[in-house]
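Below is one structure; the comments refer to it alone.
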Amino acid sequence: DAPRRLLKFDAPCNHILEILGFELTNDTEFHPPGIVRVAGEALDADNPSRAARLAQVRTSLMFRRLERARQELCVWGGQVQRGVPKEERQAVLEYKLATDALATLLGAGGYAQRAGTLTLLVAGGGEHSALDDAYRQLGVPDDAADALVAWSYTRLTEEDQSADPVFGASARARFDSLVTISAARSSDELSALVANEKERGLVATGAIRAACVALFGEPQAEVDAIASDTMREVFLARLAEATAPKAKMELAEHLAVLGDAKQDAALKAYAANVLSTLETSAEIEIGGAAGVAAWKGKVDTWEQLPAGLKNIGNTCYLNSILQCLFSILPIRKAVMSYGDGATWNEGAQLGRRDGGRLLTKDEIGVALKFVELLKRLFEALISQRVEGWAAKKVRKSSGGHPLASNSAAVPPAVAPDRELADMLLLRVNGSGPSNASSTYAPAPGSQQQQQQDVDECMAQCVGLLVHALPPASLMDSSDQTGDLSGPDDTWIFQLLAGKLELTTERTGPSQDGDSEKPLNEAFLNLNLNIPDETADINDCIDAFFAPSAVAATNDGSSSQAGPSADAMDIVDSSQLVRRSRLRDAPPVLCIQVQRVQFDMATMRAFKVNSHLRLHERISLTPYRHFDGAAAAHSRRHELQQRLKAVNEHLRMLQVPVQTAANTSDGAPVSVVSALERVQAFMTGVHRWADLDAAQPLLADLPESTAALTQQAAAVSSQVSEMAAALSQARERWEHERTQARSELDAIYADVPDDDMAYTLHAVFIHSGQTPEFGHYWVYIRDYDREKNLVRWLKFNDSNVSVVDASEIFRDAPRPGEESANPYYLMFVRSEDLDATADLGV
């Protein structure tokens, strides 16, 4: 193979590579152990020149440093070994020592590790296992945390420069490694990633081998070389030989695997159709009852988790929205009633308006088709959950059924109808995070489309639902606009839309407080900015309703002028101030966290990944009045302002200092660290100047230079005082921040039980460093009224799991997951919870 070319290494890295058996030539190329090139000529392992070169390495300074580190680790290892049972001592502490030393020198320590893993490796002298190869393929140690393994897999996929980085040989090798590690660890996080990768068309080598054995009787070297028609013929022959329904369904699943392996959309569709037919024709008698209806009232929804939704290509955000719509009971009941002739405009009668114009018959037809497909999806979600519960009960009572093989708590995932997805996967120029990354690519054969932002897709869903309503439920005859700028009395807008009252007035000592006529503005979601890196959801709402300065135009009207100003920070000089209050709050309050901003310098969008602290309950009572939050809680405002100042102080302490006092690798350090290093350096200079051996040298220096060395002690003392003062200030500010945040939390926790109290129902998460790439999932609150129990469910495409509430309500992000943060929130009025939020059947 041609030698790989690397970036220029420094001398220590070259030494380390040589110690490991690699040989560098021309300072740009390295060759693996077993081959040494001298002046471009390859030498075998027995060549004496190789031994001479390695002998030079062993006498190098770096090798001696490594040997000293190894000896120190051996001493430490001996201390640890004394605590190990005698019969087990031989099996540990043999090869980990050198790797620890190398990791320390390379700066590779301190990575996130799995909880409870052993830091000592069992010595091995034989061949590497498949698990060892899997870790090596992904470039992670075997004790790396699950999140680090997933990150490495995703990063390798993004950086793959092969001809086919998504479905090629390198992609399959990575996926095989991920499957191996996930199976060995029984990791929920890695299992979810494996499931997502399977949905976008990746298949493991083991699955391909099993499919070939099932259909052809033996593994096949080149699956791509087998024609699809041949596979269909062999499949039909095997299908005719099979008698049990379960065996037939397994054959169809094997054919689907080969369709994925060949990237043959037609073969996959054929296998899916056959499998659907087999599932429909297999008449599963559940406990002697007929169908899903007989079991609906018997399902223990706390024990049987909901079904997930398959990712059919760039649809993770859509799946999250569909699961959330299903959980809103008024929407689910209305959708399930489609066809009754009362709730929806099944007759496609003209008369409904949108934006001042009448909808056409075709537009109404599209909206009705959307409701019909949505009903079909909701029915499938209910059926999968009910059948999963019923099959589990039958298996317990009668020993099982040949088709009831999936006994997991989560029923099989449902695939959204392609037509339903296409209605919402429109080409838009939105600025929100995209899902079109290499890691979450569209399924083979599907049309590549630019995905929408979550709030855009939610607005489009609401618009289609409104268009499908009959003309009789149009807004009152006095207003014919039909859009969000005017009143709308449809039940959908009454459920989801609220109203703001906006007013603009001139302030200042010489002004009378003249104000414009209040303007009413409807909203489907509140767009909240994140005021700082330690923001609380209540801080964001306060900032939204705080007065803001506006600029007056030549015609006397006003326009927004820059960022919002705080209610108590508006200066007394004459200016226009825009104020807002919540006139009508909807039963379901949607909040868009404005994470995507635009950098005017680079002319590019970027994502704000600041952490956002959430609370289970919030109160909107103060925002019924102009400046309500500031007027009702002056202490709250004082704490927010102090937090803002303290956070700015602490941020400045972390600003890199671009001076010579940098780390050895050129990375900048903060001001406190820089001062501490300067102090240590000056102390060393002073001690050196006091040495007897240095006196002759100092005597030969100019008098001014020698005097400077004598002043090193004074400089060291002054720098030390400054560093100590900053360190003390940092401790004081951190303590003050903790105290202020605790007091604010106590204020926020005081939520009165009135009609403005809201409970968090859903949290949409976007994981990704930039707006262009990433993945969505959603957490939804689940409440069992009979048992009076609350839990949170994570809907990550096909994977549905119960998570601890701390995963949603945490003070800081998990290490390595800083880019996974709340992007869209849904609150439900607390007094309407029972009638509004429900994940049942």
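Here's how to read the names in the structure tokens: chain A, B, ... by the order shown, residue numbers from 1 in each chain, ligand numbers from 1 in the order shown.
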Can you tell me which residues surround Asn345 of chain A at a distance of at most 7 Å, considering only C-alpha atoms, apart from same-chain residues fewer than 5 positions away, and format the answer as an MDAnalysis selection string? chainID A and resid 468:470
Write out the residues from the selection above, keeping N, CA, C and O atoms, as a short mmCIF file (atom, residue, chain, number, x, y, z; two decimals), in the first residue's frame.
```
data_model
loop_
_atom_site.label_atom_id
_atom_site.label_comp_id
_atom_site.auth_asym_id
_atom_site.auth_seq_id
_atom_site.Cartn_x
_atom_site.Cartn_y
_atom_site.Cartn_z
N ALA A 468 -58.53 21.82 6.56
CA ALA A 468 -59.42 20.67 6.43
C ALA A 468 -60.72 20.84 7.20
O ALA A 468 -61.61 19.99 7.10
N LEU A 469 -60.85 21.94 7.96
CA LEU A 469 -62.08 22.16 8.72
C LEU A 469 -63.19 22.67 7.80
O LEU A 469 -62.93 23.32 6.77
N PRO A 470 -64.44 22.41 8.14
CA PRO A 470 -65.56 22.88 7.30
C PRO A 470 -65.71 24.39 7.37
O PRO A 470 -65.31 25.02 8.35
#
```
Can you tell me which residues surround Ile530 of chain A at a distance of at most 10 Å, considering only C-alpha atoms, apart from same-chain residues fewer than 2 positions away, and format the answer as a VMD selection string? chain A and resid 528 532 to 537 539 to 541 543 to 544 593 to 595 608 to 612
Output file for the selection above: all heavy atoms, as a short mmCIF file (atom, residue, chain, number, x, y, z; two decimals), in the first residue's frame:
```
data_model
loop_
_atom_site.label_atom_id
_atom_site.label_comp_id
_atom_site.auth_asym_id
_atom_site.auth_seq_id
_atom_site.Cartn_x
_atom_site.Cartn_y
_atom_site.Cartn_z
N LEU A 528 -38.10 32.83 21.94
CA LEU A 528 -37.30 33.29 23.07
C LEU A 528 -35.81 33.22 22.73
O LEU A 528 -35.32 32.22 22.22
CB LEU A 528 -37.56 32.43 24.30
CG LEU A 528 -39.01 32.31 24.78
CD1 LEU A 528 -39.06 31.54 26.10
CD2 LEU A 528 -39.66 33.68 24.94
N ASP A 532 -28.05 34.56 28.41
CA ASP A 532 -26.67 34.30 28.79
C ASP A 532 -26.44 32.79 28.84
O ASP A 532 -27.37 32.00 28.63
CB ASP A 532 -26.30 34.94 30.13
CG ASP A 532 -27.21 34.49 31.25
OD1 ASP A 532 -27.19 33.29 31.59
OD2 ASP A 532 -27.96 35.33 31.80
N GLU A 533 -25.20 32.40 29.14
CA GLU A 533 -24.82 30.99 29.07
C GLU A 533 -25.38 30.16 30.21
O GLU A 533 -25.32 28.93 30.15
CB GLU A 533 -23.28 30.87 29.04
CG GLU A 533 -22.66 31.46 27.78
CD GLU A 533 -21.16 31.28 27.74
OE1 GLU A 533 -20.63 30.74 28.73
OE2 GLU A 533 -20.53 31.66 26.75
N THR A 534 -25.90 30.77 31.24
CA THR A 534 -26.47 30.03 32.37
C THR A 534 -27.96 30.35 32.51
O THR A 534 -28.47 30.43 33.62
CB THR A 534 -25.72 30.36 33.68
OG1 THR A 534 -25.85 31.76 33.95
CG2 THR A 534 -24.26 29.99 33.57
N ALA A 535 -28.63 30.52 31.39
CA ALA A 535 -30.01 31.01 31.41
C ALA A 535 -30.98 29.96 31.91
O ALA A 535 -30.78 28.76 31.76
CB ALA A 535 -30.41 31.48 30.03
N ASP A 536 -32.05 30.45 32.51
CA ASP A 536 -33.18 29.66 32.97
C ASP A 536 -34.35 29.98 32.03
O ASP A 536 -34.41 31.07 31.46
CB ASP A 536 -33.50 30.08 34.42
CG ASP A 536 -34.60 29.26 35.04
OD1 ASP A 536 -35.77 29.47 34.65
OD2 ASP A 536 -34.30 28.43 35.90
N ILE A 537 -35.27 29.06 31.84
CA ILE A 537 -36.40 29.30 30.96
C ILE A 537 -37.18 30.53 31.42
O ILE A 537 -37.69 31.31 30.61
CB ILE A 537 -37.33 28.06 30.88
CG1 ILE A 537 -38.48 28.29 29.93
CG2 ILE A 537 -37.83 27.65 32.26
CD1 ILE A 537 -38.07 28.55 28.50
N ASP A 539 -35.84 33.15 32.87
CA ASP A 539 -35.05 34.31 32.44
C ASP A 539 -35.39 34.67 30.99
O ASP A 539 -35.50 35.85 30.64
CB ASP A 539 -33.55 34.01 32.55
CG ASP A 539 -33.12 33.68 33.97
OD1 ASP A 539 -33.82 34.12 34.90
OD2 ASP A 539 -32.10 33.00 34.13
N CYS A 540 -35.54 33.65 30.15
CA CYS A 540 -35.84 33.89 28.73
C CYS A 540 -37.22 34.53 28.56
O CYS A 540 -37.39 35.44 27.74
CB CYS A 540 -35.78 32.57 27.96
SG CYS A 540 -34.16 31.76 27.97
N ILE A 541 -38.20 34.07 29.35
CA ILE A 541 -39.54 34.66 29.24
C ILE A 541 -39.53 36.09 29.75
O ILE A 541 -40.16 36.99 29.17
CB ILE A 541 -40.56 33.81 30.02
CG1 ILE A 541 -40.60 32.38 29.46
CG2 ILE A 541 -41.95 34.42 29.94
CD1 ILE A 541 -41.50 31.43 30.23
N ALA A 543 -37.03 38.15 29.61
CA ALA A 543 -36.38 38.96 28.57
C ALA A 543 -37.32 39.21 27.40
O ALA A 543 -37.29 40.29 26.79
CB ALA A 543 -35.11 38.27 28.10
N PHE A 544 -38.18 38.23 27.09
CA PHE A 544 -39.13 38.40 25.97
C PHE A 544 -40.12 39.53 26.25
O PHE A 544 -40.44 40.32 25.38
CB PHE A 544 -39.87 37.09 25.71
CG PHE A 544 -40.88 37.16 24.61
CD1 PHE A 544 -40.50 36.95 23.29
CD2 PHE A 544 -42.22 37.44 24.88
CE1 PHE A 544 -41.44 37.02 22.26
CE2 PHE A 544 -43.15 37.50 23.86
CZ PHE A 544 -42.76 37.30 22.54
N VAL A 593 -37.04 28.17 21.00
CA VAL A 593 -35.79 28.71 21.53
C VAL A 593 -34.93 29.15 20.34
O VAL A 593 -34.56 28.32 19.50
CB VAL A 593 -35.04 27.67 22.39
CG1 VAL A 593 -33.78 28.29 22.98
CG2 VAL A 593 -35.95 27.15 23.50
N GLN A 594 -34.63 30.43 20.28
CA GLN A 594 -33.94 30.99 19.11
C GLN A 594 -32.45 30.66 19.19
O GLN A 594 -31.62 31.49 19.57
CB GLN A 594 -34.15 32.51 19.06
CG GLN A 594 -35.59 32.93 18.91
CD GLN A 594 -36.10 32.73 17.49
OE1 GLN A 594 -36.32 31.61 17.06
NE2 GLN A 594 -36.28 33.81 16.77
N ARG A 595 -32.10 29.45 18.80
CA ARG A 595 -30.70 29.02 18.86
C ARG A 595 -29.91 29.37 17.60
O ARG A 595 -28.69 29.36 17.61
CB ARG A 595 -30.62 27.52 19.13
CG ARG A 595 -31.10 27.14 20.52
CD ARG A 595 -30.64 25.76 20.92
NE ARG A 595 -30.98 25.48 22.31
CZ ARG A 595 -30.25 25.80 23.35
NH1 ARG A 595 -29.11 26.45 23.16
NH2 ARG A 595 -30.62 25.50 24.57
N VAL A 608 -26.42 28.66 18.68
CA VAL A 608 -26.08 28.99 20.07
C VAL A 608 -26.31 27.73 20.91
O VAL A 608 -27.45 27.29 21.09
CB VAL A 608 -26.95 30.15 20.60
CG1 VAL A 608 -26.62 30.45 22.05
CG2 VAL A 608 -26.75 31.38 19.73
N ASN A 609 -25.24 27.16 21.43
CA ASN A 609 -25.35 25.91 22.17
C ASN A 609 -25.33 26.12 23.69
O ASN A 609 -25.01 25.19 24.44
CB ASN A 609 -24.20 24.96 21.78
CG ASN A 609 -24.50 24.23 20.49
OD1 ASN A 609 -25.56 23.65 20.32
ND2 ASN A 609 -23.56 24.28 19.56
N SER A 610 -25.69 27.32 24.13
CA SER A 610 -25.74 27.58 25.57
C SER A 610 -26.78 26.68 26.24
O SER A 610 -27.84 26.41 25.67
CB SER A 610 -26.09 29.04 25.83
OG SER A 610 -25.13 29.90 25.26
N HIS A 611 -26.45 26.24 27.45
CA HIS A 611 -27.38 25.37 28.19
C HIS A 611 -28.60 26.18 28.63
O HIS A 611 -28.49 27.37 28.95
CB HIS A 611 -26.68 24.77 29.41
CG HIS A 611 -27.57 23.88 30.22
ND1 HIS A 611 -28.05 22.68 29.75
CD2 HIS A 611 -28.08 24.02 31.48
CE1 HIS A 611 -28.80 22.12 30.68
NE2 HIS A 611 -28.83 22.91 31.73
N LEU A 612 -29.76 25.55 28.63
CA LEU A 612 -31.00 26.18 29.08
C LEU A 612 -31.62 25.32 30.17
O LEU A 612 -31.98 24.16 29.94
CB LEU A 612 -31.98 26.33 27.91
CG LEU A 612 -33.35 26.94 28.25
CD1 LEU A 612 -33.17 28.36 28.77
CD2 LEU A 612 -34.26 26.93 27.03
#
```
Residues near Leu325 of chain A, cut-off 10 Å, only C-alpha atoms, skip fewer than 4 positions along chain, as a PDB file with all heavy atoms, in the first residue's frame:
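Below is the file that was written, out19.pdb:
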```pdb
ATOM      1  N   ASN A 319     -40.797  12.979  12.860  1.00  0.00           N
ATOM      2  CA  ASN A 319     -41.241  11.942  13.791  1.00  0.00           C
ATOM      3  C   ASN A 319     -41.506  12.524  15.172  1.00  0.00           C
ATOM      4  O   ASN A 319     -42.466  12.145  15.856  1.00  0.00           O
ATOM      5  CB  ASN A 319     -40.197  10.827  13.872  1.00  0.00           C
ATOM      6  CG  ASN A 319     -40.135   9.996  12.607  1.00  0.00           C
ATOM      7  OD1 ASN A 319     -41.041  10.042  11.782  1.00  0.00           O
ATOM      8  ND2 ASN A 319     -39.063   9.237  12.450  1.00  0.00           N
ATOM      9  N   SER A 320     -40.646  13.432  15.611  1.00  0.00           N
ATOM     10  CA  SER A 320     -40.831  14.061  16.927  1.00  0.00           C
ATOM     11  C   SER A 320     -42.135  14.852  16.966  1.00  0.00           C
ATOM     12  O   SER A 320     -42.885  14.793  17.952  1.00  0.00           O
ATOM     13  CB  SER A 320     -39.638  14.970  17.243  1.00  0.00           C
ATOM     14  OG  SER A 320     -38.426  14.240  17.295  1.00  0.00           O
ATOM     15  N   ILE A 321     -42.431  15.593  15.895  1.00  0.00           N
ATOM     16  CA  ILE A 321     -43.662  16.389  15.855  1.00  0.00           C
ATOM     17  C   ILE A 321     -44.886  15.484  15.832  1.00  0.00           C
ATOM     18  O   ILE A 321     -45.882  15.730  16.524  1.00  0.00           O
ATOM     19  CB  ILE A 321     -43.640  17.321  14.632  1.00  0.00           C
ATOM     20  CG1 ILE A 321     -42.632  18.437  14.861  1.00  0.00           C
ATOM     21  CG2 ILE A 321     -45.016  17.899  14.357  1.00  0.00           C
ATOM     22  CD1 ILE A 321     -42.472  19.372  13.698  1.00  0.00           C
ATOM     23  N   LEU A 329     -54.425  15.375  23.297  1.00  0.00           N
ATOM     24  CA  LEU A 329     -55.678  14.622  23.219  1.00  0.00           C
ATOM     25  C   LEU A 329     -56.725  15.263  22.308  1.00  0.00           C
ATOM     26  O   LEU A 329     -57.351  14.549  21.511  1.00  0.00           O
ATOM     27  CB  LEU A 329     -56.231  14.420  24.630  1.00  0.00           C
ATOM     28  CG  LEU A 329     -57.376  13.408  24.769  1.00  0.00           C
ATOM     29  CD1 LEU A 329     -56.957  12.048  24.226  1.00  0.00           C
ATOM     30  CD2 LEU A 329     -57.800  13.300  26.238  1.00  0.00           C
ATOM     31  N   PRO A 330     -56.993  16.571  22.358  1.00  0.00           N
ATOM     32  CA  PRO A 330     -58.005  17.133  21.450  1.00  0.00           C
ATOM     33  C   PRO A 330     -57.659  16.922  19.976  1.00  0.00           C
ATOM     34  O   PRO A 330     -58.546  16.671  19.160  1.00  0.00           O
ATOM     35  CB  PRO A 330     -58.012  18.624  21.818  1.00  0.00           C
ATOM     36  CG  PRO A 330     -57.507  18.673  23.219  1.00  0.00           C
ATOM     37  CD  PRO A 330     -56.489  17.580  23.318  1.00  0.00           C
ATOM     38  N   ILE A 331     -56.373  17.021  19.635  1.00  0.00           N
ATOM     39  CA  ILE A 331     -55.969  16.801  18.244  1.00  0.00           C
ATOM     40  C   ILE A 331     -56.147  15.343  17.869  1.00  0.00           C
ATOM     41  O   ILE A 331     -56.667  15.011  16.798  1.00  0.00           O
ATOM     42  CB  ILE A 331     -54.513  17.264  18.028  1.00  0.00           C
ATOM     43  CG1 ILE A 331     -54.396  18.776  18.192  1.00  0.00           C
ATOM     44  CG2 ILE A 331     -54.005  16.828  16.656  1.00  0.00           C
ATOM     45  CD1 ILE A 331     -52.997  19.322  18.032  1.00  0.00           C
ATOM     46  N   ARG A 332     -55.717  14.422  18.764  1.00  0.00           N
ATOM     47  CA  ARG A 332     -55.834  12.998  18.447  1.00  0.00           C
ATOM     48  C   ARG A 332     -57.304  12.586  18.292  1.00  0.00           C
ATOM     49  O   ARG A 332     -57.657  11.866  17.363  1.00  0.00           O
ATOM     50  CB  ARG A 332     -55.154  12.154  19.525  1.00  0.00           C
ATOM     51  CG  ARG A 332     -55.144  10.675  19.186  1.00  0.00           C
ATOM     52  CD  ARG A 332     -54.233   9.875  20.071  1.00  0.00           C
ATOM     53  NE  ARG A 332     -54.829   9.511  21.331  1.00  0.00           N
ATOM     54  CZ  ARG A 332     -54.335   9.835  22.519  1.00  0.00           C
ATOM     55  NH1 ARG A 332     -53.236  10.569  22.610  1.00  0.00           N
ATOM     56  NH2 ARG A 332     -54.935   9.454  23.632  1.00  0.00           N
ATOM     57  N   LEU A 374     -52.869  11.108   8.608  1.00  0.00           N
ATOM     58  CA  LEU A 374     -52.548  11.253  10.019  1.00  0.00           C
ATOM     59  C   LEU A 374     -53.386  10.293  10.853  1.00  0.00           C
ATOM     60  O   LEU A 374     -52.892   9.680  11.815  1.00  0.00           O
ATOM     61  CB  LEU A 374     -52.783  12.701  10.455  1.00  0.00           C
ATOM     62  CG  LEU A 374     -52.136  13.153  11.765  1.00  0.00           C
ATOM     63  CD1 LEU A 374     -50.634  12.982  11.723  1.00  0.00           C
ATOM     64  CD2 LEU A 374     -52.491  14.610  12.060  1.00  0.00           C
ATOM     65  N   PHE A 378     -51.992   7.392  13.360  1.00  0.00           N
ATOM     66  CA  PHE A 378     -52.402   7.282  14.760  1.00  0.00           C
ATOM     67  C   PHE A 378     -52.996   5.895  15.036  1.00  0.00           C
ATOM     68  O   PHE A 378     -52.742   5.300  16.096  1.00  0.00           O
ATOM     69  CB  PHE A 378     -53.425   8.364  15.097  1.00  0.00           C
ATOM     70  CG  PHE A 378     -52.828   9.751  15.220  1.00  0.00           C
ATOM     71  CD1 PHE A 378     -53.633  10.853  15.505  1.00  0.00           C
ATOM     72  CD2 PHE A 378     -51.468   9.964  15.054  1.00  0.00           C
ATOM     73  CE1 PHE A 378     -53.097  12.122  15.629  1.00  0.00           C
ATOM     74  CE2 PHE A 378     -50.916  11.231  15.174  1.00  0.00           C
ATOM     75  CZ  PHE A 378     -51.742  12.304  15.459  1.00  0.00           C
ATOM     76  N   MET A 458     -44.325  22.508  12.422  1.00  0.00           N
ATOM     77  CA  MET A 458     -45.493  22.552  13.298  1.00  0.00           C
ATOM     78  C   MET A 458     -46.537  23.522  12.746  1.00  0.00           C
ATOM     79  O   MET A 458     -47.745  23.218  12.712  1.00  0.00           O
ATOM     80  CB  MET A 458     -45.084  22.965  14.706  1.00  0.00           C
ATOM     81  CG  MET A 458     -46.228  23.002  15.699  1.00  0.00           C
ATOM     82  SD  MET A 458     -46.860  21.353  16.097  1.00  0.00           S
ATOM     83  CE  MET A 458     -45.598  20.801  17.254  1.00  0.00           C
ATOM     84  N   CYS A 461     -48.282  21.889   9.866  1.00  0.00           N
ATOM     85  CA  CYS A 461     -49.275  20.904  10.320  1.00  0.00           C
ATOM     86  C   CYS A 461     -50.556  21.593  10.764  1.00  0.00           C
ATOM     87  O   CYS A 461     -51.664  21.167  10.402  1.00  0.00           O
ATOM     88  CB  CYS A 461     -48.693  20.084  11.476  1.00  0.00           C
ATOM     89  SG  CYS A 461     -47.404  18.917  11.011  1.00  0.00           S
ATOM     90  N   VAL A 462     -50.396  22.661  11.545  1.00  0.00           N
ATOM     91  CA  VAL A 462     -51.566  23.393  12.016  1.00  0.00           C
ATOM     92  C   VAL A 462     -52.332  23.977  10.844  1.00  0.00           C
ATOM     93  O   VAL A 462     -53.573  23.936  10.788  1.00  0.00           O
ATOM     94  CB  VAL A 462     -51.149  24.492  13.009  1.00  0.00           C
ATOM     95  CG1 VAL A 462     -52.332  25.379  13.365  1.00  0.00           C
ATOM     96  CG2 VAL A 462     -50.556  23.874  14.267  1.00  0.00           C
ATOM     97  N   ALA A 837     -53.380  16.536  27.634  1.00  0.00           N
ATOM     98  CA  ALA A 837     -52.177  15.732  27.402  1.00  0.00           C
ATOM     99  C   ALA A 837     -52.445  14.277  27.751  1.00  0.00           C
ATOM    100  O   ALA A 837     -52.887  13.969  28.864  1.00  0.00           O
ATOM    101  CB  ALA A 837     -51.018  16.268  28.241  1.00  0.00           C
TER     102      ALA A 837
END
```
